[in-house]
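**Student:** So here's run_30.tsv (TSV, C-alpha atoms).
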```tsv
chain	number	residue	atom	x	y	z
A	1	MET	CA	107.39	30.01	53.72
A	2	LEU	CA	108.17	33.45	52.32
A	3	ASN	CA	106.66	36.81	53.03
A	4	ASN	CA	106.69	40.09	51.24
A	5	THR	CA	106.77	42.43	54.24
A	6	PRO	CA	108.54	45.58	53.04
A	7	ARG	CA	112.02	45.97	54.52
A	8	ARG	CA	112.77	49.48	55.76
A	9	PHE	CA	116.11	51.19	56.14
A	10	GLN	CA	116.43	54.63	57.69
A	11	ASP	CA	119.22	57.18	57.70
A	12	ASN	CA	119.40	60.83	58.82
A	13	GLU	CA	118.26	62.25	55.51
A	14	SER	CA	115.41	60.09	54.43
A	15	THR	CA	113.40	56.97	54.95
A	16	VAL	CA	114.13	54.37	52.31
A	17	THR	CA	111.70	51.54	51.86
A	18	LEU	CA	112.87	48.53	49.97
A	19	VAL	CA	109.87	46.56	48.80
A	20	THR	CA	110.43	43.05	47.56
A	21	GLU	CA	107.44	41.55	45.88
A	22	LYS	CA	107.16	38.44	43.75
A	23	PHE	CA	105.46	38.89	40.39
A	24	GLU	CA	104.40	36.68	37.59
A	25	ILE	CA	104.61	38.07	34.09
A	26	SER	CA	102.89	36.45	31.18
A	27	PRO	CA	102.60	37.84	27.68
A	28	ASP	CA	98.81	37.49	27.82
A	29	ARG	CA	97.98	38.60	31.33
A	30	GLY	CA	100.49	41.31	32.10
A	31	THR	CA	101.63	41.54	35.71
A	32	SER	CA	99.76	40.15	38.64
A	33	GLY	CA	100.85	39.80	42.21
A	34	ILE	CA	101.32	36.43	43.86
A	35	ASN	CA	100.35	35.82	47.44
A	36	LEU	CA	103.57	34.59	48.94
A	37	GLU	CA	101.71	33.28	51.97
A	38	GLU	CA	100.52	30.43	49.74
A	39	ASP	CA	102.00	27.10	50.55
A	40	ILE	CA	104.54	26.67	47.77
A	41	TRP	CA	104.45	22.89	48.02
A	42	ILE	CA	100.69	22.69	47.52
A	43	LEU	CA	101.02	25.04	44.57
A	44	ARG	CA	103.74	22.88	43.00
A	45	PHE	CA	101.90	19.61	43.19
A	46	SER	CA	98.40	20.85	42.53
A	47	ARG	CA	99.40	22.32	39.17
A	48	THR	CA	101.29	19.24	38.06
A	49	LEU	CA	98.59	16.85	39.24
A	50	GLN	CA	95.94	18.94	37.52
A	51	ALA	CA	97.99	18.76	34.30
A	52	LEU	CA	98.28	14.98	34.72
A	53	LYS	CA	94.53	14.70	35.18
A	54	GLU	CA	93.93	16.68	31.99
A	55	VAL	CA	96.27	14.60	29.83
A	56	LEU	CA	94.77	11.41	31.22
A	57	GLU	CA	91.32	12.58	30.19
A	58	GLU	CA	92.58	13.56	26.77
A	59	CYS	CA	94.94	10.67	26.00
A	60	SER	CA	93.53	7.61	27.79
A	61	HIS	CA	92.42	5.93	24.56
A	62	ASP	CA	94.29	4.83	21.45
A	63	ASN	CA	94.46	7.27	18.52
A	64	TRP	CA	94.03	10.31	20.77
A	65	ASP	CA	95.97	12.44	18.27
A	66	GLY	CA	94.19	11.18	15.14
A	67	TYR	CA	97.46	9.71	13.84
A	68	GLY	CA	97.45	6.37	15.67
A	69	ALA	CA	98.97	7.41	19.02
A	70	LYS	CA	98.87	4.89	21.86
A	71	ALA	CA	96.90	5.50	25.04
A	72	VAL	CA	98.80	6.59	28.15
A	73	ASP	CA	101.01	3.81	29.49
A	74	ARG	CA	100.01	3.24	33.15
A	75	LYS	CA	103.51	2.09	34.15
A	76	SER	CA	104.96	5.24	32.65
A	77	LEU	CA	102.38	7.25	34.58
A	78	ASP	CA	103.37	5.59	37.88
A	79	LYS	CA	107.06	6.28	37.26
A	80	ALA	CA	106.36	9.88	36.22
A	81	LEU	CA	104.47	10.46	39.47
A	82	GLN	CA	107.39	9.07	41.47
A	83	ILE	CA	109.74	11.43	39.64
A	84	VAL	CA	107.56	14.49	40.17
A	85	LEU	CA	107.15	13.79	43.89
A	86	SER	CA	110.90	13.30	44.29
A	87	LEU	CA	111.95	16.54	42.63
A	88	PRO	CA	114.27	18.68	44.73
A	89	LEU	CA	112.88	22.07	45.76
A	90	GLU	CA	115.15	24.01	43.44
A	91	ILE	CA	113.62	22.30	40.40
A	92	PRO	CA	110.36	23.91	39.24
A	93	PRO	CA	107.36	21.66	38.65
A	94	PRO	CA	107.20	20.31	35.09
A	95	ASP	CA	104.45	20.50	32.52
A	96	VAL	CA	103.02	17.12	31.69
A	97	GLY	CA	102.37	15.68	28.25
A	98	VAL	CA	101.98	12.38	26.46
A	99	ASP	CA	104.11	11.14	23.57
A	100	PRO	CA	102.45	9.29	20.67
A	101	ASP	CA	103.97	6.03	21.98
A	102	GLY	CA	102.02	6.46	25.25
A	103	GLU	CA	104.93	7.53	27.45
A	104	ILE	CA	104.37	10.40	29.85
A	105	SER	CA	106.65	13.35	29.19
A	106	LEU	CA	107.79	15.79	31.85
A	107	GLU	CA	108.63	19.11	30.30
A	108	TRP	CA	110.41	22.16	31.65
A	109	TYR	CA	109.56	25.00	29.32
A	110	ARG	CA	110.28	28.70	29.31
A	111	ASN	CA	110.05	29.34	25.59
A	112	PRO	CA	110.74	27.34	22.41
A	113	ARG	CA	114.50	28.06	22.77
A	114	ARG	CA	114.58	27.02	26.44
A	115	ILE	CA	112.98	23.62	26.79
A	116	PHE	CA	113.94	20.27	28.26
A	117	SER	CA	111.78	17.16	28.20
A	118	ILE	CA	112.04	13.67	29.64
A	119	SER	CA	109.93	10.81	28.32
A	120	VAL	CA	109.41	8.32	31.11
A	121	GLY	CA	109.42	4.66	30.16
A	122	GLY	CA	107.48	2.14	32.23
A	123	ASP	CA	110.77	0.35	32.96
A	124	GLY	CA	112.40	3.54	34.25
A	125	THR	CA	114.12	4.52	31.01
A	126	LEU	CA	114.43	8.29	30.73
A	127	THR	CA	114.65	9.52	27.13
A	128	TYR	CA	115.49	13.20	27.11
A	129	ALA	CA	116.01	16.03	24.67
A	130	GLY	CA	116.32	19.75	25.03
A	131	ILE	CA	117.11	23.07	23.44
A	132	LEU	CA	119.01	25.16	25.98
A	133	GLY	CA	119.73	28.39	24.12
A	134	ASP	CA	122.55	27.56	21.72
A	135	GLU	CA	123.02	24.08	23.15
A	136	GLU	CA	121.05	21.06	21.93
A	137	VAL	CA	121.04	17.86	23.97
A	138	HIS	CA	119.51	14.42	23.73
A	139	GLY	CA	120.16	11.02	25.24
A	140	LYS	CA	118.99	8.26	27.52
A	141	ASP	CA	119.38	7.59	31.22
A	142	TYR	CA	117.64	5.58	33.94
A	143	TRP	CA	115.48	6.27	36.97
A	144	LYS	CA	117.01	4.72	40.07
A	145	GLY	CA	114.93	6.37	42.77
A	146	ARG	CA	116.14	9.85	41.85
A	147	LEU	CA	116.86	11.86	38.75
A	148	PRO	CA	120.49	11.60	37.63
A	149	GLN	CA	122.56	14.73	38.38
A	150	GLY	CA	123.26	15.26	34.67
A	151	ILE	CA	119.55	15.60	33.99
A	152	LEU	CA	118.98	17.92	36.96
A	153	ASP	CA	121.78	20.17	35.66
A	154	LYS	CA	120.15	20.34	32.24
A	155	ILE	CA	116.77	21.22	33.77
A	156	LYS	CA	118.40	24.09	35.65
A	157	LYS	CA	119.81	25.41	32.38
A	158	VAL	CA	116.27	25.99	31.13
A	159	TYR	CA	115.95	28.72	33.74
A	160	MET	CA	119.36	30.35	33.35
A	161	LEU	CA	119.00	33.91	32.18
A	162	SER	CA	120.92	35.46	29.31
A	163	SER	CA	121.03	39.22	28.76
A	164	HIS	CA	118.68	38.67	25.81
A	165	ASP	CA	116.19	36.88	28.10
A	166	LEU	CA	116.38	39.72	30.63
A	167	PHE	CA	115.49	42.20	27.92
A	168	ASP	CA	112.52	40.04	26.91
A	169	ARG	CA	111.31	39.87	30.50
A	170	MET	CA	111.64	43.59	31.06
A	171	SER	CA	109.67	44.25	27.91
A	172	GLY	CA	107.03	41.70	28.95
A	173	ARG	CA	107.54	39.34	26.03
A	174	MET	CA	108.40	36.28	28.06
A	175	GLY	CA	106.49	34.54	30.82
A	176	GLY	CA	107.96	33.54	34.18
A	177	ASN	CA	108.53	34.61	37.74
A	178	PHE	CA	110.98	37.18	38.94
A	179	TRP	CA	111.47	39.61	41.78
A	180	ARG	CA	110.75	43.28	41.36
A	181	ILE	CA	112.56	45.56	43.76
A	182	THR	CA	111.50	49.15	44.11
A	183	ILE	CA	113.06	51.82	46.30
A	184	GLN	CA	110.77	54.44	47.75
A	185	THR	CA	112.35	57.52	49.31
A	186	GLN	CA	110.72	60.13	51.51
A	187	ASN	CA	112.56	63.19	52.78
A	188	ALA	CA	112.73	63.43	56.59
A	189	ALA	CA	112.05	67.20	56.44
B	1	MET	CA	90.70	19.56	-4.52
B	2	LYS	CA	93.47	19.41	-7.11
B	3	GLY	CA	96.49	17.37	-6.13
B	4	LEU	CA	100.16	18.34	-6.15
B	5	LEU	CA	102.81	15.91	-7.29
B	6	SER	CA	105.56	18.43	-7.98
B	7	PRO	CA	108.67	18.41	-5.77
B	8	VAL	CA	108.25	20.42	-2.59
B	9	ASP	CA	109.65	23.93	-2.78
B	10	PRO	CA	111.65	24.91	0.33
B	11	PHE	CA	109.42	27.95	0.81
B	12	GLU	CA	106.16	25.99	0.68
B	13	ILE	CA	104.02	25.79	3.79
B	14	LEU	CA	103.32	22.38	5.29
B	15	SER	CA	100.39	22.01	7.70
B	16	ARG	CA	100.08	19.42	10.45
B	17	TYR	CA	96.53	19.22	11.73
B	18	LEU	CA	96.07	19.10	15.50
B	19	MET	CA	93.31	16.85	16.81
B	20	SER	CA	94.22	16.95	20.50
B	21	ARG	CA	94.46	19.84	22.96
B	22	SER	CA	97.55	18.26	24.44
B	23	LEU	CA	99.57	19.12	21.32
B	24	PHE	CA	99.78	22.88	21.84
B	25	ARG	CA	100.15	25.51	24.56
B	26	LYS	CA	97.35	28.01	24.69
B	27	ARG	CA	99.17	30.26	27.16
B	28	ASP	CA	101.74	31.37	24.58
B	29	ASN	CA	100.27	29.98	21.35
B	30	THR	CA	103.06	27.54	20.68
B	31	VAL	CA	103.15	24.00	19.37
B	32	LYS	CA	104.39	21.12	21.53
B	33	TYR	CA	107.03	18.79	20.17
B	34	GLN	CA	104.60	15.84	20.43
B	35	ALA	CA	102.75	17.30	17.43
B	36	PHE	CA	105.80	16.45	15.31
B	37	MET	CA	106.83	13.11	16.80
B	38	PRO	CA	106.84	10.48	14.06
B	39	PRO	CA	104.63	7.37	14.26
B	40	PRO	CA	106.19	3.88	14.28
B	41	ASN	CA	106.40	3.81	10.46
B	42	LEU	CA	108.47	7.05	10.64
B	43	LYS	CA	106.21	8.87	8.18
B	44	LEU	CA	104.88	12.11	9.65
B	45	SER	CA	101.73	13.15	7.82
B	46	VAL	CA	101.44	16.77	6.59
B	47	PHE	CA	99.60	18.67	3.88
B	48	ARG	CA	100.98	21.13	1.35
B	49	THR	CA	98.81	24.18	1.90
B	50	SER	CA	100.55	27.00	0.01
B	51	ASN	CA	98.30	28.83	-2.44
B	52	LEU	CA	95.12	27.59	-0.77
B	53	SER	CA	92.57	29.87	0.84
B	54	ASN	CA	92.12	29.71	4.58
B	55	SER	CA	88.77	27.96	4.20
B	56	GLN	CA	90.31	25.37	1.85
B	57	ILE	CA	93.08	24.67	4.38
B	58	TRP	CA	90.54	24.12	7.15
B	59	GLU	CA	88.39	21.98	4.86
B	60	ILE	CA	91.25	19.48	4.50
B	61	GLY	CA	91.65	19.39	8.29
B	62	ARG	CA	87.94	18.85	8.87
B	63	GLN	CA	87.93	15.98	6.38
B	64	ILE	CA	90.89	14.35	8.14
B	65	ALA	CA	89.29	14.75	11.56
B	66	SER	CA	85.87	13.50	10.49
B	67	SER	CA	87.35	10.46	8.74
B	68	GLN	CA	88.71	9.15	12.06
B	69	CYS	CA	86.86	6.39	13.87
B	70	PRO	CA	85.37	7.80	16.04
B	71	PRO	CA	85.52	11.27	14.44
B	72	ARG	CA	87.95	13.65	16.15
B	73	ASN	CA	87.71	17.32	16.98
B	74	LEU	CA	89.96	19.62	14.98
B	75	TYR	CA	91.60	22.17	17.28
B	76	GLY	CA	94.10	23.81	14.98
B	77	ARG	CA	97.12	23.32	12.81
B	78	ALA	CA	100.85	23.80	12.96
B	79	ASP	CA	102.19	25.58	9.86
B	80	LEU	CA	105.80	25.11	8.95
B	81	GLN	CA	108.01	26.14	6.07
B	82	ALA	CA	109.45	23.13	4.21
B	83	LEU	CA	112.90	24.68	4.59
B	84	GLU	CA	112.74	24.07	8.36
B	85	VAL	CA	112.22	20.36	7.72
B	86	LEU	CA	115.23	20.21	5.44
B	87	LYS	CA	117.34	22.16	7.97
B	88	CYS	CA	116.64	19.37	10.48
B	89	GLY	CA	118.12	16.81	8.09
B	90	LEU	CA	114.70	15.35	7.23
B	91	GLN	CA	113.11	14.91	3.82
B	92	ILE	CA	109.64	15.44	2.39
B	93	ASP	CA	107.94	12.79	0.29
B	94	PRO	CA	104.97	14.28	-1.62
B	95	ASP	CA	102.79	11.22	-2.23
B	96	ASP	CA	99.65	13.25	-3.03
B	97	ASN	CA	97.46	10.55	-1.46
B	98	PRO	CA	95.06	12.06	-0.48
B	99	PRO	CA	95.54	15.16	-2.65
B	100	ARG	CA	98.25	17.55	-1.33
B	101	HIS	CA	99.40	15.00	1.22
B	102	ALA	CA	103.08	14.50	1.98
B	103	ASN	CA	105.14	12.66	4.56
B	104	ILE	CA	108.12	13.96	6.49
B	105	ILE	CA	110.61	11.10	6.33
B	106	GLY	CA	114.23	10.35	7.15
B	107	TRP	CA	113.71	10.16	10.90
B	108	PRO	CA	116.41	8.58	13.09
B	109	GLN	CA	115.56	5.37	14.95
B	110	GLU	CA	116.56	6.69	18.40
B	111	LYS	CA	113.67	8.30	20.26
B	112	SER	CA	115.86	10.97	21.86
B	113	GLU	CA	117.02	12.13	18.42
B	114	GLN	CA	113.43	12.12	17.18
B	115	LYS	CA	112.44	14.27	20.16
B	116	LEU	CA	115.14	16.83	19.45
B	117	LYS	CA	114.17	17.11	15.78
B	118	ALA	CA	110.48	17.34	16.74
B	119	MET	CA	111.35	20.14	19.19
B	120	LYS	CA	113.13	22.06	16.44
B	121	LEU	CA	110.16	21.66	14.10
B	122	ALA	CA	107.79	22.78	16.88
B	123	GLU	CA	109.98	25.80	17.56
B	124	ALA	CA	109.78	26.83	13.91
B	125	ALA	CA	106.06	26.12	13.54
B	126	LYS	CA	103.25	28.64	13.78
B	127	LEU	CA	100.14	27.62	15.70
B	128	VAL	CA	96.84	28.49	14.04
B	129	LEU	CA	93.79	27.63	16.13
B	130	VAL	CA	90.33	26.92	14.79
B	131	GLN	CA	88.18	29.97	15.42
B	132	PRO	CA	85.14	29.13	17.57
```
What is this structure when it is put down as structure tokens?
**Tutor:**
Amino acid sequence: MLNNTPRRFQDNESTVTLVTEKFEISPDRGTSGINLEEDIWILRFSRTLQALKEVLEECSHDNWDGYGAKAVDRKSLDKALQIVLSLPLEIPPPDVGVDPDGEISLEWYRNPRRIFSISVGGDGTLTYAGILGDEEVHGKDYWKGRLPQGILDKIKKVYMLSSHDLFDRMSGRMGGNFWRITIQTQNAA
Amino acid sequence: MKGLLSPVDPFEILSRYLMSRSLFRKRDNTVKYQAFMPPPNLKLSVFRTSNLSNSQIWEIGRQIASSQCPPRNLYGRADLQALEVLKCGLQIDPDDNPPRHANIIGWPQEKSEQKLKAMKLAEAAKLVLVQP
């Protein structure tokens, strides 16, 4: 549990208030505060489960895309749920999608140049691909009760910041969460 | 509508019609890679829409959506320059059946490679949503 109680530091000359406050920035909505008293775990799973519910409604029948896609594979869905619920805390919750072959895809997305996706096979096959800045990756691995370390490392790379990304965030062109720190000073006299 | 059998110019626009909400992100108006994943026959269906009016482009999409069984909703389209397809090492086969139709071909067999190429196409594509 986190809180955003301002931290205060005082010296002889002035009172300095350091305010740490978590913000979400999206290109559409501008800035909006987040209540850090929220239970982070509930937030994580409710969003992902809601996304799962939506794709199930949309893709539970054959030809859901108009090009002959297969309906969601239930075994893939079960495995995807196991993966989501096993994610370590430092890994953000994924977006959920469905591939035309019916496999559930778990997607970590910041922008089209920072994306990593795993397609979950009903037998535990993990087919992944990603664009991580200048790096492009793809391959196959297997679910054995936890995500392989190589895949976790690639997911983390989606959220690594470059100086270019920082500029985008400061100018409000990119969505995501970050911490804003402001220093307020007030003369003692 | 008049067909097009000429070879595809790299600067032509190819449109992929989107008949599911799960194929795009509304929050930042981007296309998901699933919109460009090839079907089992490895022929990804697109239409050559350069030099058509906006209403003509949507008319093709509405015909495609209504010809489905049952008919599908048309939510939007992903527009892509043919050059981006070629840059991914894929080819375009203009079969003109139905008129202005083409297939993106040359896909690898491995799904992970298909995903990466589909991601690159999605990155280059522009999402155009149907206006309510």
**Student:** Identify the residues around (100.7, 16.6, 8.5) within a radius of 6 Å, measuring from all atoms listed in the file in the coordinates stated by the file, and give them as a list in words.
**Tutor:** Ser15, Arg16, Tyr17, Ser45, Val46 and Phe47 of chain B
**Student:** Please report as a VMD selection string which residues of chain A come no farther than 9 Å from chain B, using all atoms listed in the file.
**Tutor:** chain A and resid 26 to 28 54 to 55 58 to 59 63 to 69 97 to 101 111 to 113 115 117 119 127 to 131 136 to 140 174 to 175
**Student:** Nearest to Lys126 of chain B among B:Leu14, B:Ala102, B:Ile92, B:Val85, with distances taken over only C-alpha atoms: which residue is it?
**Tutor:** B:Leu14
**Student:** Would you work out the distance separating atom CA of Ile13 of chain B from atom CA of Asp79 of chain B, expressed in Å to one decimal?
**Tutor:**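 Computing it gives 6.3 Å between the two atoms.
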